[in-house]
Structures are given as structure tokens and as C-alpha cells.
$ cat start06.cif   # mmCIF, N, CA, C and O atoms
data_structure
#
loop_
_atom_site.label_atom_id
_atom_site.label_comp_id
_atom_site.auth_asym_id
_atom_site.auth_seq_id
_atom_site.Cartn_x
_atom_site.Cartn_y
_atom_site.Cartn_z
N MET A 1 0.84 -1.18 0.00
CA MET A 1 0.00 0.00 0.00
C MET A 1 0.89 1.25 0.00
O MET A 1 1.82 1.36 0.76
N SER A 2 0.54 2.19 -0.85
CA SER A 2 1.32 3.42 -0.96
C SER A 2 0.74 4.48 -0.04
O SER A 2 -0.46 4.64 0.10
N ASP A 3 1.64 5.22 0.62
CA ASP A 3 1.21 6.31 1.49
C ASP A 3 1.16 7.64 0.74
O ASP A 3 0.88 8.66 1.34
N ARG A 4 1.45 7.62 -0.54
CA ARG A 4 1.47 8.86 -1.32
C ARG A 4 0.05 9.35 -1.56
O ARG A 4 -0.84 8.59 -1.91
N ILE A 5 -0.12 10.64 -1.39
CA ILE A 5 -1.41 11.28 -1.69
C ILE A 5 -1.44 11.54 -3.19
O ILE A 5 -0.46 12.05 -3.75
N PRO A 6 -2.54 11.25 -3.86
CA PRO A 6 -2.63 11.56 -5.29
C PRO A 6 -2.37 13.05 -5.51
O PRO A 6 -2.80 13.90 -4.72
N GLU A 7 -1.66 13.38 -6.57
CA GLU A 7 -1.25 14.76 -6.82
C GLU A 7 -2.40 15.76 -6.83
O GLU A 7 -2.27 16.85 -6.24
N PRO A 8 -3.55 15.46 -7.44
CA PRO A 8 -4.63 16.45 -7.38
C PRO A 8 -5.08 16.75 -5.94
O PRO A 8 -5.39 17.90 -5.61
N VAL A 9 -5.09 15.74 -5.09
CA VAL A 9 -5.46 15.94 -3.69
C VAL A 9 -4.37 16.74 -2.98
O VAL A 9 -4.66 17.67 -2.21
N ALA A 10 -3.12 16.41 -3.22
CA ALA A 10 -2.01 17.14 -2.62
C ALA A 10 -2.04 18.61 -3.04
O ALA A 10 -1.79 19.50 -2.22
N ASP A 11 -2.36 18.88 -4.30
CA ASP A 11 -2.43 20.26 -4.77
C ASP A 11 -3.56 21.01 -4.08
O ASP A 11 -3.40 22.17 -3.70
N LEU A 12 -4.72 20.36 -3.89
CA LEU A 12 -5.81 21.00 -3.17
C LEU A 12 -5.40 21.28 -1.73
O LEU A 12 -5.67 22.36 -1.19
N LEU A 13 -4.71 20.34 -1.09
CA LEU A 13 -4.25 20.56 0.29
C LEU A 13 -3.25 21.71 0.37
O LEU A 13 -3.29 22.49 1.33
N ARG A 14 -2.40 21.84 -0.64
CA ARG A 14 -1.47 22.98 -0.67
C ARG A 14 -2.24 24.29 -0.78
O ARG A 14 -1.91 25.28 -0.12
N ALA A 15 -3.29 24.31 -1.60
CA ALA A 15 -4.11 25.51 -1.75
C ALA A 15 -4.82 25.84 -0.43
O ALA A 15 -4.92 27.01 -0.05
N VAL A 16 -5.31 24.82 0.27
CA VAL A 16 -5.95 25.04 1.57
C VAL A 16 -4.93 25.62 2.55
O VAL A 16 -5.23 26.58 3.28
N LEU A 17 -3.73 25.10 2.56
CA LEU A 17 -2.70 25.62 3.44
C LEU A 17 -2.36 27.07 3.08
O LEU A 17 -2.22 27.92 3.96
N GLU A 18 -2.27 27.37 1.79
CA GLU A 18 -2.03 28.75 1.35
C GLU A 18 -3.15 29.67 1.84
O GLU A 18 -2.90 30.83 2.21
N ALA A 19 -4.36 29.16 1.84
CA ALA A 19 -5.51 29.97 2.26
C ALA A 19 -5.46 30.31 3.74
O ALA A 19 -5.75 31.44 4.13
N LEU A 20 -5.09 29.34 4.55
CA LEU A 20 -5.19 29.50 6.00
C LEU A 20 -3.92 29.97 6.68
O LEU A 20 -3.98 30.57 7.75
N ASP A 21 -2.78 29.72 6.09
CA ASP A 21 -1.49 30.04 6.72
C ASP A 21 -1.01 31.41 6.26
O ASP A 21 -0.07 31.52 5.47
N ILE A 22 -1.69 32.44 6.75
CA ILE A 22 -1.29 33.80 6.39
C ILE A 22 -0.56 34.42 7.57
O ILE A 22 -0.70 33.95 8.71
N PRO A 23 0.25 35.45 7.33
CA PRO A 23 1.01 36.05 8.43
C PRO A 23 0.11 36.58 9.54
O PRO A 23 -0.96 37.14 9.28
N HIS A 24 0.56 36.41 10.76
CA HIS A 24 -0.15 36.93 11.92
C HIS A 24 -0.03 38.45 11.94
O HIS A 24 0.96 39.00 11.47
N PRO A 25 -1.02 39.13 12.51
CA PRO A 25 -0.93 40.59 12.59
C PRO A 25 0.16 41.03 13.56
O PRO A 25 0.43 40.35 14.55
N ALA A 26 0.78 42.16 13.26
CA ALA A 26 1.87 42.67 14.09
C ALA A 26 1.36 43.28 15.39
O ALA A 26 2.03 43.20 16.42
N THR A 27 0.19 43.87 15.35
CA THR A 27 -0.35 44.54 16.54
C THR A 27 -1.83 44.23 16.67
O THR A 27 -2.47 43.75 15.72
N ILE A 28 -2.38 44.55 17.82
CA ILE A 28 -3.81 44.38 18.03
C ILE A 28 -4.58 45.22 17.02
O ILE A 28 -5.61 44.80 16.50
N GLY A 29 -4.07 46.39 16.69
CA GLY A 29 -4.72 47.25 15.71
C GLY A 29 -4.80 46.64 14.32
O GLY A 29 -5.69 46.98 13.54
N ASP A 30 -3.90 45.73 14.02
CA ASP A 30 -3.91 45.06 12.71
C ASP A 30 -4.81 43.83 12.71
O ASP A 30 -5.07 43.24 11.66
N SER A 31 -5.28 43.43 13.88
CA SER A 31 -6.05 42.19 14.01
C SER A 31 -7.38 42.23 13.26
O SER A 31 -7.81 41.21 12.72
N GLU A 32 -8.03 43.38 13.23
CA GLU A 32 -9.33 43.47 12.56
C GLU A 32 -9.21 43.19 11.06
O GLU A 32 -9.99 42.42 10.51
N VAL A 33 -8.24 43.81 10.42
CA VAL A 33 -8.04 43.58 8.99
C VAL A 33 -7.61 42.14 8.75
O VAL A 33 -8.10 41.48 7.84
N HIS A 34 -6.70 41.63 9.57
CA HIS A 34 -6.25 40.24 9.45
C HIS A 34 -7.45 39.30 9.54
O HIS A 34 -7.59 38.38 8.73
N ALA A 35 -8.32 39.53 10.52
CA ALA A 35 -9.49 38.66 10.70
C ALA A 35 -10.42 38.73 9.50
O ALA A 35 -10.95 37.70 9.05
N ARG A 36 -10.61 39.91 8.94
CA ARG A 36 -11.48 40.06 7.77
C ARG A 36 -10.89 39.34 6.56
O ARG A 36 -11.59 38.63 5.84
N VAL A 37 -9.59 39.49 6.35
CA VAL A 37 -8.92 38.82 5.22
C VAL A 37 -9.00 37.30 5.40
O VAL A 37 -9.37 36.57 4.47
N LEU A 38 -8.69 36.84 6.59
CA LEU A 38 -8.71 35.40 6.86
C LEU A 38 -10.12 34.84 6.71
O LEU A 38 -10.31 33.77 6.12
N ALA A 39 -11.12 35.56 7.19
CA ALA A 39 -12.51 35.08 7.08
C ALA A 39 -12.92 34.90 5.62
O ALA A 39 -13.56 33.90 5.27
N GLY A 40 -12.54 35.84 4.77
CA GLY A 40 -12.85 35.70 3.35
C GLY A 40 -12.18 34.48 2.74
O GLY A 40 -12.78 33.75 1.95
N ARG A 41 -10.95 34.24 3.12
CA ARG A 41 -10.21 33.09 2.61
C ARG A 41 -10.79 31.78 3.15
O ARG A 41 -10.87 30.79 2.43
N VAL A 42 -11.24 31.79 4.39
CA VAL A 42 -11.83 30.59 4.99
C VAL A 42 -13.13 30.23 4.27
O VAL A 42 -13.38 29.05 3.97
N ILE A 43 -13.97 31.22 4.00
CA ILE A 43 -15.24 30.95 3.32
C ILE A 43 -15.00 30.26 1.99
O ILE A 43 -15.65 29.26 1.66
N HIS A 44 -14.08 30.77 1.20
CA HIS A 44 -13.80 30.16 -0.11
C HIS A 44 -13.21 28.76 0.04
O HIS A 44 -13.47 27.87 -0.77
N THR A 45 -12.42 28.56 1.07
CA THR A 45 -11.84 27.24 1.33
C THR A 45 -12.93 26.24 1.68
O THR A 45 -12.95 25.11 1.17
N VAL A 46 -13.85 26.64 2.53
CA VAL A 46 -14.96 25.75 2.91
C VAL A 46 -15.81 25.40 1.69
O VAL A 46 -16.17 24.23 1.49
N VAL A 47 -16.11 26.38 0.86
CA VAL A 47 -16.89 26.12 -0.35
C VAL A 47 -16.16 25.11 -1.25
O VAL A 47 -16.77 24.18 -1.77
N ALA A 48 -14.86 25.28 -1.40
CA ALA A 48 -14.08 24.36 -2.23
C ALA A 48 -14.11 22.95 -1.65
O ALA A 48 -14.30 21.98 -2.39
N LEU A 49 -13.94 22.83 -0.35
CA LEU A 49 -13.94 21.50 0.27
C LEU A 49 -15.30 20.84 0.14
O LEU A 49 -15.39 19.63 -0.15
N TYR A 50 -16.37 21.59 0.35
CA TYR A 50 -17.70 21.03 0.13
C TYR A 50 -17.87 20.58 -1.32
O TYR A 50 -18.46 19.55 -1.60
N GLY A 51 -17.34 21.38 -2.25
CA GLY A 51 -17.45 21.04 -3.66
C GLY A 51 -16.79 19.72 -4.00
O GLY A 51 -17.25 18.99 -4.88
N VAL A 52 -15.73 19.41 -3.30
CA VAL A 52 -15.02 18.15 -3.55
C VAL A 52 -15.65 16.99 -2.78
O VAL A 52 -15.75 15.88 -3.29
N LEU A 53 -16.12 17.25 -1.58
CA LEU A 53 -16.57 16.17 -0.69
C LEU A 53 -18.06 15.87 -0.75
O LEU A 53 -18.48 14.78 -0.33
N ASP A 54 -18.88 16.79 -1.23
CA ASP A 54 -20.32 16.58 -1.26
C ASP A 54 -20.67 15.52 -2.29
O ASP A 54 -20.54 15.73 -3.49
N GLU A 55 -21.14 14.38 -1.82
CA GLU A 55 -21.43 13.26 -2.71
C GLU A 55 -22.79 13.40 -3.40
O GLU A 55 -23.08 12.68 -4.35
N GLU A 56 -23.63 14.33 -2.93
CA GLU A 56 -24.97 14.48 -3.51
C GLU A 56 -25.00 15.49 -4.65
O GLU A 56 -25.97 15.55 -5.39
N THR A 57 -23.96 16.27 -4.79
CA THR A 57 -23.89 17.29 -5.83
C THR A 57 -22.82 16.89 -6.84
O THR A 57 -21.72 16.52 -6.45
N PRO A 58 -23.15 16.98 -8.13
CA PRO A 58 -22.12 16.66 -9.13
C PRO A 58 -20.91 17.58 -8.98
O PRO A 58 -21.06 18.78 -8.80
N SER A 59 -19.74 17.00 -9.03
CA SER A 59 -18.50 17.75 -8.86
C SER A 59 -17.95 18.20 -10.20
O SER A 59 -18.12 17.52 -11.21
N LEU A 60 -17.30 19.34 -10.18
CA LEU A 60 -16.63 19.84 -11.38
C LEU A 60 -15.21 19.28 -11.48
O LEU A 60 -14.49 19.57 -12.42
N GLY A 61 -14.81 18.51 -10.49
CA GLY A 61 -13.48 17.90 -10.48
C GLY A 61 -12.56 18.62 -9.52
O GLY A 61 -12.68 19.83 -9.29
N ILE A 62 -11.65 17.87 -8.96
CA ILE A 62 -10.75 18.41 -7.95
C ILE A 62 -9.79 19.44 -8.54
O ILE A 62 -9.48 20.44 -7.90
N GLU A 63 -9.34 19.22 -9.77
CA GLU A 63 -8.43 20.18 -10.40
C GLU A 63 -9.13 21.52 -10.62
O GLU A 63 -8.56 22.58 -10.36
N TRP A 64 -10.38 21.48 -11.12
CA TRP A 64 -11.14 22.70 -11.34
C TRP A 64 -11.36 23.42 -10.01
O TRP A 64 -11.20 24.64 -9.91
N THR A 65 -11.75 22.66 -8.99
CA THR A 65 -12.02 23.24 -7.67
C THR A 65 -10.76 23.89 -7.10
O THR A 65 -10.82 24.98 -6.51
N THR A 66 -9.61 23.25 -7.27
CA THR A 66 -8.35 23.83 -6.78
C THR A 66 -8.04 25.13 -7.50
O THR A 66 -7.66 26.13 -6.87
N ALA A 67 -8.21 25.15 -8.80
CA ALA A 67 -7.98 26.38 -9.57
C ALA A 67 -8.95 27.47 -9.14
O ALA A 67 -8.55 28.64 -8.97
N TYR A 68 -10.20 27.12 -8.94
CA TYR A 68 -11.21 28.08 -8.49
C TYR A 68 -10.83 28.65 -7.13
O TYR A 68 -10.91 29.87 -6.92
N LEU A 69 -10.38 27.79 -6.20
CA LEU A 69 -9.97 28.26 -4.89
C LEU A 69 -8.82 29.24 -5.00
O LEU A 69 -8.83 30.31 -4.39
N ARG A 70 -7.83 28.91 -5.80
CA ARG A 70 -6.68 29.82 -5.95
C ARG A 70 -7.09 31.16 -6.56
O ARG A 70 -6.56 32.21 -6.19
N GLU A 71 -8.05 31.14 -7.48
CA GLU A 71 -8.55 32.40 -8.04
C GLU A 71 -9.23 33.24 -6.97
O GLU A 71 -9.04 34.46 -6.91
N ARG A 72 -10.03 32.61 -6.14
CA ARG A 72 -10.70 33.34 -5.06
C ARG A 72 -9.68 33.86 -4.04
O ARG A 72 -9.83 34.97 -3.53
N LEU A 73 -8.65 33.08 -3.74
CA LEU A 73 -7.63 33.51 -2.80
C LEU A 73 -6.89 34.74 -3.32
O LEU A 73 -6.52 35.63 -2.56
N ALA A 74 -6.69 34.78 -4.63
CA ALA A 74 -6.02 35.94 -5.24
C ALA A 74 -6.85 37.21 -5.04
O ALA A 74 -6.29 38.31 -4.99
N GLU A 75 -8.16 37.05 -4.89
CA GLU A 75 -9.04 38.19 -4.64
C GLU A 75 -8.98 38.65 -3.18
O GLU A 75 -9.47 39.72 -2.86
N HIS A 76 -8.43 37.81 -2.32
CA HIS A 76 -8.32 38.11 -0.89
C HIS A 76 -6.88 37.93 -0.42
O HIS A 76 -6.59 37.08 0.43
N PRO A 77 -5.93 38.70 -0.98
CA PRO A 77 -4.54 38.53 -0.58
C PRO A 77 -4.34 38.94 0.88
O PRO A 77 -5.08 39.79 1.40
N PRO A 78 -3.37 38.33 1.53
CA PRO A 78 -3.12 38.68 2.94
C PRO A 78 -2.35 39.99 3.04
O PRO A 78 -1.18 40.03 3.40
N THR A 79 -3.02 41.07 2.67
CA THR A 79 -2.42 42.40 2.69
C THR A 79 -3.37 43.36 3.39
O THR A 79 -4.50 43.01 3.71
N GLY A 80 -2.91 44.59 3.60
CA GLY A 80 -3.74 45.61 4.21
C GLY A 80 -3.52 45.74 5.71
O GLY A 80 -4.20 46.52 6.37
N TYR A 81 -2.62 44.94 6.24
CA TYR A 81 -2.28 45.01 7.65
C TYR A 81 -0.79 44.76 7.81
O TYR A 81 -0.16 44.20 6.92
N ARG A 82 -0.24 45.20 8.92
CA ARG A 82 1.17 44.92 9.19
C ARG A 82 1.29 43.52 9.77
O ARG A 82 0.60 43.17 10.72
N ALA A 83 2.15 42.75 9.17
CA ALA A 83 2.34 41.36 9.59
C ALA A 83 3.48 41.27 10.59
O ALA A 83 4.47 41.99 10.50
N ALA A 84 3.32 40.37 11.54
CA ALA A 84 4.38 40.12 12.52
C ALA A 84 5.64 39.66 11.80
O ALA A 84 5.58 38.82 10.91
N GLY A 85 6.76 40.25 12.16
CA GLY A 85 8.03 39.86 11.58
C GLY A 85 8.33 40.52 10.25
O GLY A 85 9.40 40.34 9.69
N ALA A 86 7.37 41.27 9.70
CA ALA A 86 7.61 41.94 8.43
C ALA A 86 8.46 43.18 8.66
O ALA A 86 8.31 43.85 9.68
N PRO A 87 9.37 43.47 7.75
CA PRO A 87 10.19 44.67 7.92
C PRO A 87 9.32 45.91 7.85
O PRO A 87 8.34 45.96 7.11
N ARG A 88 9.68 46.91 8.63
CA ARG A 88 8.95 48.17 8.61
C ARG A 88 9.25 48.91 7.33
O ARG A 88 10.34 48.85 6.79
N GLN A 89 8.28 49.64 6.86
CA GLN A 89 8.46 50.43 5.65
C GLN A 89 9.17 51.73 5.99
O GLN A 89 9.18 52.17 7.13
N ASN A 90 9.75 52.36 5.00
CA ASN A 90 10.43 53.66 5.15
C ASN A 90 11.56 53.62 6.16
O ASN A 90 11.78 54.56 6.90
N GLY A 91 12.24 52.50 6.26
CA GLY A 91 13.37 52.38 7.17
C GLY A 91 13.00 52.57 8.61
O GLY A 91 13.79 53.01 9.43
N GLY A 92 11.73 52.26 8.97
CA GLY A 92 11.28 52.38 10.33
C GLY A 92 10.82 53.78 10.70
O GLY A 92 10.54 54.07 11.84
N GLN A 93 10.75 54.68 9.72
CA GLN A 93 10.36 56.06 9.99
C GLN A 93 8.95 56.31 9.46
O GLN A 93 8.74 57.07 8.53
N GLU A 94 7.98 55.68 10.07
CA GLU A 94 6.59 55.82 9.60
C GLU A 94 5.93 57.00 10.21
O GLU A 94 6.12 57.41 11.28
#
$ encode --input "start06.cif" --output "C-alpha cells"
Amino acid sequence: MSDRIPEPVADLLRAVLEALDIPHPATIGDSEVHARVLAGRVIHTVVALYGVLDEETPSLGIEWTTAYLRERLAEHPPTGYRAAGAPRQNGGQE
């Protein structure tokens, strides 16, 4: 028995990880934007997973679903807040 995950499933799992593993906010003030960005990414991830796992609804295929998820994630980039560990802009003179 092989322990290898089929590539289409592995690619979907990578997309899920990309969706959820975004930089933590640098300050409490950045938390609101971080939460909003993450919530948008979570919603699209849940929709994608339901699309693959729902046995009662015809599936468009795991490859299509993965591409769709990545397109939606591109609409919700993890930006608009200062991330923990990110270098300060303007040489620290904000």
C-alpha cells in the first residue's frame, strides 16, 4: 500500500494551506483587517472543500475546484495590515 497522496489531492491541500497560513498581525490594531482577510479566505476554502466532498452534488473535479480556490484567494490577498516579523516600511520612519 502506498502512502502517497494523489497529486490532485495534494495540490488541493497545498491551496488550503495557502488559504489558511497567512502572516499573523503585528499589533492588536492590525487584528481586525487580518481577521477580515482570513474570514474571506476561509469561506472560499470551505466552499471548495464542500465542492469536492459533497457526494450528492455533481463535482466539477478536484483540479477545477483547486484552480477556483486559488482564483478566489487571489481576490483576498493577505495584505492591508502589518504582519508580525515583516520589515517596517520607510526604514522604520513611519
$ atom_distance --input "start06.cif" --atom1 "atom CA of A:Ile22" --atom2 "atom CA of A:Arg36"
12.0 Å
$ residues_around --input "start06.cif" --residues "stretch 70-76 of chain A" --least-positions-apart "5" --cutoff "6 Å" --atoms "only N, CA, C and O atoms" --output "PyMOL selection string"
chain A and resi 37+41+65
$ write_last_selection --input "start06.cif" --atoms "N, CA, C and O atoms" --output "tab-separated table (two decimals), in the frame of the given file"
chain	number	residue	atom	x	y	z
A	37	VAL	N	-9.59	39.49	6.35
A	37	VAL	CA	-8.92	38.82	5.22
A	37	VAL	C	-9.00	37.30	5.40
A	37	VAL	O	-9.37	36.57	4.47
A	41	ARG	N	-10.95	34.24	3.12
A	41	ARG	CA	-10.21	33.09	2.61
A	41	ARG	C	-10.79	31.78	3.15
A	41	ARG	O	-10.87	30.79	2.43
A	65	THR	N	-11.75	22.66	-8.99
A	65	THR	CA	-12.02	23.24	-7.67
A	65	THR	C	-10.76	23.89	-7.10
A	65	THR	O	-10.82	24.98	-6.51
$ residues_around --input "start06.cif" --residues "A:Val33" --least-positions-apart "4" --cutoff "6 Å" --atoms "all atoms listed in the file" --output "VMD selection string"
chain A and resid 29 37 to 38 79 to 80
$ write_last_selection --input "start06.cif" --atoms "N, CA, C and O atoms" --output "PDB file, in the coordinates of the input"
ATOM      1  N   GLY A  29      -4.070  46.390  16.690  1.00  0.00           N
ATOM      2  CA  GLY A  29      -4.720  47.250  15.710  1.00  0.00           C
ATOM      3  C   GLY A  29      -4.800  46.640  14.320  1.00  0.00           C
ATOM      4  O   GLY A  29      -5.690  46.980  13.540  1.00  0.00           O
ATOM      5  N   VAL A  37      -9.590  39.490   6.350  1.00  0.00           N
ATOM      6  CA  VAL A  37      -8.920  38.820   5.220  1.00  0.00           C
ATOM      7  C   VAL A  37      -9.000  37.300   5.400  1.00  0.00           C
ATOM      8  O   VAL A  37      -9.370  36.570   4.470  1.00  0.00           O
ATOM      9  N   LEU A  38      -8.690  36.840   6.590  1.00  0.00           N
ATOM     10  CA  LEU A  38      -8.710  35.400   6.860  1.00  0.00           C
ATOM     11  C   LEU A  38     -10.120  34.840   6.710  1.00  0.00           C
ATOM     12  O   LEU A  38     -10.310  33.770   6.120  1.00  0.00           O
ATOM     13  N   THR A  79      -3.020  41.070   2.670  1.00  0.00           N
ATOM     14  CA  THR A  79      -2.420  42.400   2.690  1.00  0.00           C
ATOM     15  C   THR A  79      -3.370  43.360   3.390  1.00  0.00           C
ATOM     16  O   THR A  79      -4.500  43.010   3.710  1.00  0.00           O
ATOM     17  N   GLY A  80      -2.910  44.590   3.600  1.00  0.00           N
ATOM     18  CA  GLY A  80      -3.740  45.610   4.210  1.00  0.00           C
ATOM     19  C   GLY A  80      -3.520  45.740   5.710  1.00  0.00           C
ATOM     20  O   GLY A  80      -4.200  46.520   6.370  1.00  0.00           O
TER      21      GLY A  80
END
$ axis_aligned_box --input "start06.cif" --around "stretch 75-85 of chain A" --padding-each-side "3 Å" --output "AutoDock Vina command-line options"
--center_x 0.0 --center_y 41.8 --center_z 3.8 --size_x 24.9 --size_y 15.5 --size_z 23.4
$ atom_distance --input "start06.cif" --atom1 "atom C of A:Val47" --atom2 "atom N of A:Tyr68"
9.9 Å
$ residues_around --input "start06.cif" --residues "stretch 3-9 of chain A" --least-positions-apart "3" --cutoff "8 Å" --atoms "only N, CA, C and O atoms" --output "ChimeraX atom specification"
/A:12-16,62-63,66
$ closest_residue --input "start06.cif" --among "A:His34, A:Thr27, A:Ala39, A:Val52" --to "A:Trp64" --atoms "only C-alpha atoms"
A:Val52
$ atom_distance --input "start06.cif" --atom1 "atom C of A:Gly85" --atom2 "atom N of A:Pro23"
10.0 Å
$ select_by_dssp --input "start06.cif" --residues "stretch 1-84 of chain A" --states "helix (DSSP H, G or I)" --output "PyMOL selection string"
chain A and resi 7-20+28-53+62-75
$ closest_residue --input "start06.cif" --among "A:Ser31, A:Glu18, A:Ala10, A:His24" --to "A:His44" --atoms "only C-alpha atoms"
A:Glu18
$ residues_around --input "start06.cif" --residues "A:Ala26" --least-positions-apart "3" --cutoff "5 Å" --atoms "all atoms listed in the file" --output "MDAnalysis selection string"
chainID A and resid 82:84
$ closest_residue --input "start06.cif" --among "A:Leu53, A:Ala19, A:Ala35, A:Ile28" --to "A:Leu69" --atoms "all atoms listed in the file"
A:Ala19
$ build_atoms --input "start06.cif" --residues "stretch 20-29 of chain A" --atoms "all heavy atoms" --output "compact mmCIF listing (two decimals), in the frame of the given file"
# COMPACT_ATOMS: atom_id res chain seq x y z
N LEU A 20 -5.09 29.34 4.55
CA LEU A 20 -5.19 29.50 6.00
C LEU A 20 -3.92 29.97 6.68
O LEU A 20 -3.98 30.57 7.75
CB LEU A 20 -5.63 28.17 6.61
CG LEU A 20 -6.94 27.58 6.06
CD1 LEU A 20 -7.23 26.25 6.72
CD2 LEU A 20 -8.09 28.55 6.20
N ASP A 21 -2.78 29.72 6.09
CA ASP A 21 -1.49 30.04 6.72
C ASP A 21 -1.01 31.41 6.26
O ASP A 21 -0.07 31.52 5.47
CB ASP A 21 -0.46 28.96 6.40
CG ASP A 21 0.82 29.14 7.18
OD1 ASP A 21 0.78 29.75 8.27
OD2 ASP A 21 1.87 28.66 6.71
N ILE A 22 -1.69 32.44 6.75
CA ILE A 22 -1.29 33.80 6.39
C ILE A 22 -0.56 34.42 7.57
O ILE A 22 -0.70 33.95 8.71
CB ILE A 22 -2.49 34.67 5.95
CG1 ILE A 22 -3.46 34.91 7.10
CG2 ILE A 22 -3.19 34.03 4.75
CD1 ILE A 22 -4.57 35.90 6.77
N PRO A 23 0.25 35.45 7.33
CA PRO A 23 1.01 36.05 8.43
C PRO A 23 0.11 36.58 9.54
O PRO A 23 -0.96 37.14 9.28
CB PRO A 23 1.77 37.20 7.75
CG PRO A 23 1.80 36.85 6.30
CD PRO A 23 0.54 36.07 6.04
N HIS A 24 0.56 36.41 10.76
CA HIS A 24 -0.15 36.93 11.92
C HIS A 24 -0.03 38.45 11.94
O HIS A 24 0.96 39.00 11.47
CB HIS A 24 0.43 36.35 13.21
CG HIS A 24 0.25 34.87 13.31
ND1 HIS A 24 -0.95 34.29 13.63
CD2 HIS A 24 1.12 33.85 13.10
CE1 HIS A 24 -0.81 32.98 13.62
NE2 HIS A 24 0.43 32.69 13.30
N PRO A 25 -1.02 39.13 12.51
CA PRO A 25 -0.93 40.59 12.59
C PRO A 25 0.16 41.03 13.56
O PRO A 25 0.43 40.35 14.55
CB PRO A 25 -2.32 41.00 13.10
CG PRO A 25 -2.84 39.80 13.81
CD PRO A 25 -2.24 38.62 13.11
N ALA A 26 0.78 42.16 13.26
CA ALA A 26 1.87 42.67 14.09
C ALA A 26 1.36 43.28 15.39
O ALA A 26 2.03 43.20 16.42
CB ALA A 26 2.68 43.71 13.31
N THR A 27 0.19 43.87 15.35
CA THR A 27 -0.35 44.54 16.54
C THR A 27 -1.83 44.23 16.67
O THR A 27 -2.47 43.75 15.72
CB THR A 27 -0.19 46.08 16.45
OG1 THR A 27 -1.03 46.55 15.40
CG2 THR A 27 1.26 46.47 16.20
N ILE A 28 -2.38 44.55 17.82
CA ILE A 28 -3.81 44.38 18.03
C ILE A 28 -4.58 45.22 17.02
O ILE A 28 -5.61 44.80 16.50
CB ILE A 28 -4.20 44.75 19.48
CG1 ILE A 28 -3.61 43.71 20.43
CG2 ILE A 28 -5.70 44.85 19.63
CD1 ILE A 28 -3.80 44.03 21.89
N GLY A 29 -4.07 46.39 16.69
CA GLY A 29 -4.72 47.25 15.71
C GLY A 29 -4.80 46.64 14.32
O GLY A 29 -5.69 46.98 13.54
